[in-house]
Amino acid sequence: MISTWNFRGINKEVRHREVSSYFSTFKVPIIALLETRVKKDNVSTIRRKFGNYWSYLDNYSHHHNGRIWLMWKDQEIRVNLLQCEEQYLHVEVKNLDNKVPYLATIMYALSQPDRRKLLWSQIDHLGSNITLPWIVIGDFNNVLTSQDMIGGNRVHTTEYTDLAEMMHKQGLFEAPTRGCYYTWSNKHTADPIYSRIDRLLGNSQWFQDYSDVIVEVLPPSISDHSPIRVSYLVTPRRRKSMFKFLNCVTKKDGYLDIVKDSWNQRTHGYAMQRLWYKMKRLQQPLKTLQKSFNHIQIQILKARTDLIDAQHKFGINLFDEDAVVQVKNLTATVLELSQLEEHILMQRSKVEWLRQGDGNNKFFYSTIKEKNKQKAMHTLTSSTGEILSSKEDITNEVLEFYTSLVGTASETLAGINLPCILKGPVPWFRWIQFLLLQELLAYCEA
């Protein structure tokens, strides 16, 4: 999606080679290079080394060294410059179909506190009229909390108050990241300093529309700054979804009869076995009953369309009794389906209402997507430090870890030592052990 990298203090030949290697490794369609330190006379020579398939924007018109380069591939996206200043580029990023997915402000904050204060004021003014998804990404040269730096001089509250106030006024929030927490280091062996000064901020609209993206702080390589990469999360498609009971099924006609008929059928086994078999047997008839709730959004859309058509017909003849009845019935259907959808989404998202009586379906959908993203395991770091991404590698790593943790079956154990098991450390626990042992032996004999 987008990536940033700061190249302060790197030899220019090495810098060119590292940038080219970065392009070929991560294949990002848009990238911002910060603190390039390339003179304007050398720009065309340097850019030719990266290939002729990149388009460029920079801020040489406002800074003699052009500290910000924005590069993108026209074959994949469109970028329009909206505003250029000494410390940032503000652009509009479009898909090839000319839709506007988001606005991006690429920044490189200067080291002087008064210049950064001016930058926060400019960003505050810039965001006053923004209603689209918006991100602010780059080198802020500023911590946000006292925990964002270890080593060096003590961080005072006054150093990040202006930035925090600007974020609060514009409704900007820092995106959670993967990888390294600290994004800059002086790389000294004596008195090392680590700080988090490169980050991504986004407004609520961006977090809601782009809840399926991940922000990664990559290893710094030869730079003293870590690259930040924003990319879409590729979620593997589930082959078969598990059965999930919807509470609204209990209000459907015939629900109690279905449960009663299935529950009264005889089942053999112990009490827990019978309960398990009954619950398992009840799944299929409940799945059939829940089919009427499938594609609830399509049902709502069709009901609204039918209601609009009926209202048009009713407008032609206001005294048609059949039209009045049809409008009333369709209105009740739309209200019922809308309420049903809200109950289903609220159950799946496992969150409460934001405001009583107000539809929050978009919020529920975003919550469900976020929970699914948190539950999924897309990458895993192995015991050797290797990052695993394929399903087979993750499965093998988990099995190997728990096998080494729990151990394997013993081939020399003759059987269970009953006297030893019955001698529990706590007297009341012995009776529970005895009952569980009886159940276990009876189950094995059966």
# chains A, B, ... in the order shown; residues from 1 in each chain; ligands from 1
call {"tool": "select_by_dssp", "arguments": {"residues": "range 82-285 of chain A", "states": "alpha helix (DSSP H)", "output": "ChimeraX atom specification"}}
result
/A:113-126,161-170,204-209,255-264,271-285
call {"tool": "write_last_selection", "arguments": {"atoms": "C-alpha atoms", "output": "PDB file, in the first residue's frame"}}
result
ATOM      1  CA  PRO A 113      11.106  22.619  18.077  1.00  0.00           C
ATOM      2  CA  ASP A 114       9.713  25.909  16.743  1.00  0.00           C
ATOM      3  CA  ARG A 115       9.652  24.523  13.172  1.00  0.00           C
ATOM      4  CA  ARG A 116       7.841  21.401  14.374  1.00  0.00           C
ATOM      5  CA  LYS A 117       5.328  23.556  16.240  1.00  0.00           C
ATOM      6  CA  LEU A 118       4.639  25.356  12.948  1.00  0.00           C
ATOM      7  CA  LEU A 119       4.177  21.955  11.287  1.00  0.00           C
ATOM      8  CA  TRP A 120       1.594  20.841  13.854  1.00  0.00           C
ATOM      9  CA  SER A 121      -0.277  24.105  13.252  1.00  0.00           C
ATOM     10  CA  GLN A 122      -0.220  23.499   9.483  1.00  0.00           C
ATOM     11  CA  ILE A 123      -1.483  19.937   9.886  1.00  0.00           C
ATOM     12  CA  ASP A 124      -4.221  21.212  12.194  1.00  0.00           C
ATOM     13  CA  HIS A 125      -5.323  23.738   9.576  1.00  0.00           C
ATOM     14  CA  LEU A 126      -5.045  21.131   6.824  1.00  0.00           C
ATOM     15  CA  THR A 161       2.152  18.390  24.258  1.00  0.00           C
ATOM     16  CA  ASP A 162       1.713  20.328  20.987  1.00  0.00           C
ATOM     17  CA  LEU A 163       1.644  17.133  18.910  1.00  0.00           C
ATOM     18  CA  ALA A 164      -0.818  15.457  21.271  1.00  0.00           C
ATOM     19  CA  GLU A 165      -3.120  18.487  21.232  1.00  0.00           C
ATOM     20  CA  MET A 166      -3.108  18.615  17.434  1.00  0.00           C
ATOM     21  CA  MET A 167      -4.000  14.906  17.265  1.00  0.00           C
ATOM     22  CA  HIS A 168      -6.831  15.394  19.746  1.00  0.00           C
ATOM     23  CA  LYS A 169      -8.296  18.366  17.841  1.00  0.00           C
ATOM     24  CA  GLN A 170      -8.199  16.570  14.490  1.00  0.00           C
ATOM     25  CA  SER A 204     -11.569   7.484  12.470  1.00  0.00           C
ATOM     26  CA  GLN A 205     -12.832   7.217   8.886  1.00  0.00           C
ATOM     27  CA  TRP A 206      -9.551   5.671   7.754  1.00  0.00           C
ATOM     28  CA  PHE A 207      -9.496   3.132  10.607  1.00  0.00           C
ATOM     29  CA  GLN A 208     -13.090   2.204   9.837  1.00  0.00           C
ATOM     30  CA  ASP A 209     -12.708   1.886   6.054  1.00  0.00           C
ATOM     31  CA  TYR A 255     -38.378 -23.435  17.184  1.00  0.00           C
ATOM     32  CA  LEU A 256     -39.592 -25.041  20.431  1.00  0.00           C
ATOM     33  CA  ASP A 257     -41.157 -27.974  18.558  1.00  0.00           C
ATOM     34  CA  ILE A 258     -37.884 -28.682  16.727  1.00  0.00           C
ATOM     35  CA  VAL A 259     -35.885 -28.584  19.958  1.00  0.00           C
ATOM     36  CA  LYS A 260     -38.447 -30.762  21.781  1.00  0.00           C
ATOM     37  CA  ASP A 261     -38.586 -33.433  19.040  1.00  0.00           C
ATOM     38  CA  SER A 262     -34.805 -33.660  18.799  1.00  0.00           C
ATOM     39  CA  TRP A 263     -34.297 -33.645  22.567  1.00  0.00           C
ATOM     40  CA  ASN A 264     -36.824 -36.383  23.291  1.00  0.00           C
ATOM     41  CA  ALA A 271     -24.886 -38.207  30.993  1.00  0.00           C
ATOM     42  CA  MET A 272     -22.238 -36.029  29.346  1.00  0.00           C
ATOM     43  CA  GLN A 273     -22.225 -38.245  26.254  1.00  0.00           C
ATOM     44  CA  ARG A 274     -25.999 -37.968  25.889  1.00  0.00           C
ATOM     45  CA  LEU A 275     -25.843 -34.193  26.234  1.00  0.00           C
ATOM     46  CA  TRP A 276     -23.128 -33.952  23.600  1.00  0.00           C
ATOM     47  CA  TYR A 277     -24.987 -36.184  21.126  1.00  0.00           C
ATOM     48  CA  LYS A 278     -28.225 -34.230  21.593  1.00  0.00           C
ATOM     49  CA  MET A 279     -26.506 -30.905  21.015  1.00  0.00           C
ATOM     50  CA  LYS A 280     -24.735 -32.314  17.956  1.00  0.00           C
ATOM     51  CA  ARG A 281     -27.980 -33.739  16.557  1.00  0.00           C
ATOM     52  CA  LEU A 282     -29.767 -30.425  17.053  1.00  0.00           C
ATOM     53  CA  GLN A 283     -27.328 -28.513  14.847  1.00  0.00           C
ATOM     54  CA  GLN A 284     -28.757 -29.616  11.480  1.00  0.00           C
ATOM     55  CA  PRO A 285     -32.423 -28.676  12.096  1.00  0.00           C
TER      56      PRO A 285
END
call {"tool": "atom_distance", "arguments": {"atom1": "CA of Ala323 in chain A", "atom2": "CA of Gln311 in chain A"}}
result
7.9 Å
call {"tool": "select_by_dssp", "arguments": {"residues": "range 28-78 of chain A", "states": "strand (DSSP E)", "output": "PyMOL selection string"}}
result
chain A and resi 30-34+55-58+68-72+78
call {"tool": "closest_residue", "arguments": {"among": "A:Leu380, A:Ala303, A:Val327, A:Ala175", "to": "Asp393 in chain A", "atoms": "only C-alpha atoms"}}
result
A:Leu380
call {"tool": "residues_around", "arguments": {"residues": "Thr105 in chain A", "least_positions_apart": "3", "cutoff": "10 Å", "atoms": "only C-alpha atoms", "output": "list in words"}}
result
Leu82, Gln83, Cys84, Tyr88, Leu89, His90, Val91, Glu92, Tyr108, Ile123, Leu126, Trp134, Ile135, Val136, Ile137, Gly138, Leu200 and Leu201 of chain A
call {"tool": "write_last_selection", "arguments": {"atoms": "C-alpha atoms", "output": "tab-separated table (two decimals), in the first residue's frame"}}
result
chain	number	residue	atom	x	y	z
A	82	LEU	CA	-2.93	18.85	-3.12
A	83	GLN	CA	-0.42	20.85	-1.11
A	84	CYS	CA	3.36	21.09	-0.77
A	88	TYR	CA	5.18	17.72	4.17
A	89	LEU	CA	3.45	16.66	0.97
A	90	HIS	CA	-0.34	16.33	1.04
A	91	VAL	CA	-1.70	14.08	-1.72
A	92	GLU	CA	-4.84	12.38	-2.91
A	108	TYR	CA	9.50	14.95	7.49
A	123	ILE	CA	-1.48	19.94	9.89
A	126	LEU	CA	-5.04	21.13	6.82
A	134	TRP	CA	-6.81	10.41	6.00
A	135	ILE	CA	-3.40	9.24	7.19
A	136	VAL	CA	-0.35	11.20	8.33
A	137	ILE	CA	2.81	9.13	7.99
A	138	GLY	CA	6.53	9.75	8.15
A	200	LEU	CA	1.33	6.49	11.17
A	201	LEU	CA	-1.67	8.50	12.34
call {"tool": "residues_around", "arguments": {"residues": "Ser292 in chain A", "least_positions_apart": "2", "cutoff": "12 Å", "atoms": "only C-alpha atoms", "output": "JSON, numbers by chain"}}
result
{"A": [246, 248, 249, 252, 253, 286, 287, 288, 289, 290, 294, 295, 296, 297, 298, 299, 337, 340, 341]}
call {"tool": "write_last_selection", "arguments": {"atoms": "C-alpha atoms", "output": "PDB file, in the first residue's frame"}}
result
ATOM      1  CA  LEU A 246     -28.292 -16.983  16.482  1.00  0.00           C
ATOM      2  CA  CYS A 248     -33.111 -14.501  17.143  1.00  0.00           C
ATOM      3  CA  VAL A 249     -33.921 -18.075  16.033  1.00  0.00           C
ATOM      4  CA  LYS A 252     -39.238 -18.116  14.947  1.00  0.00           C
ATOM      5  CA  ASP A 253     -42.336 -20.276  14.688  1.00  0.00           C
ATOM      6  CA  LEU A 286     -31.295 -25.339  13.569  1.00  0.00           C
ATOM      7  CA  LYS A 287     -29.131 -24.692  10.504  1.00  0.00           C
ATOM      8  CA  THR A 288     -32.184 -25.260   8.323  1.00  0.00           C
ATOM      9  CA  LEU A 289     -34.219 -22.898  10.495  1.00  0.00           C
ATOM     10  CA  GLN A 290     -31.515 -20.215  10.334  1.00  0.00           C
ATOM     11  CA  ASN A 294     -28.932 -15.743   5.356  1.00  0.00           C
ATOM     12  CA  HIS A 295     -28.101 -12.722   3.188  1.00  0.00           C
ATOM     13  CA  ILE A 296     -30.072 -10.431   5.473  1.00  0.00           C
ATOM     14  CA  GLN A 297     -28.693  -7.343   3.705  1.00  0.00           C
ATOM     15  CA  ILE A 298     -30.041  -8.510   0.350  1.00  0.00           C
ATOM     16  CA  GLN A 299     -33.420  -9.128   1.969  1.00  0.00           C
ATOM     17  CA  LEU A 337     -35.556  -6.953   8.974  1.00  0.00           C
ATOM     18  CA  LEU A 340     -33.148  -8.325  13.005  1.00  0.00           C
ATOM     19  CA  GLU A 341     -29.924  -7.384  11.218  1.00  0.00           C
TER      20      GLU A 341
END
call {"tool": "atom_distance", "arguments": {"atom1": "CA of Met149 in chain A", "atom2": "CA of Ser185 in chain A"}}
result
9.7 Å
call {"tool": "closest_residue", "arguments": {"among": "A:Asn247, A:Arg154, A:Thr45, A:Ile31", "to": "Pro227 in chain A", "atoms": "only C-alpha atoms"}}
result
A:Ile31
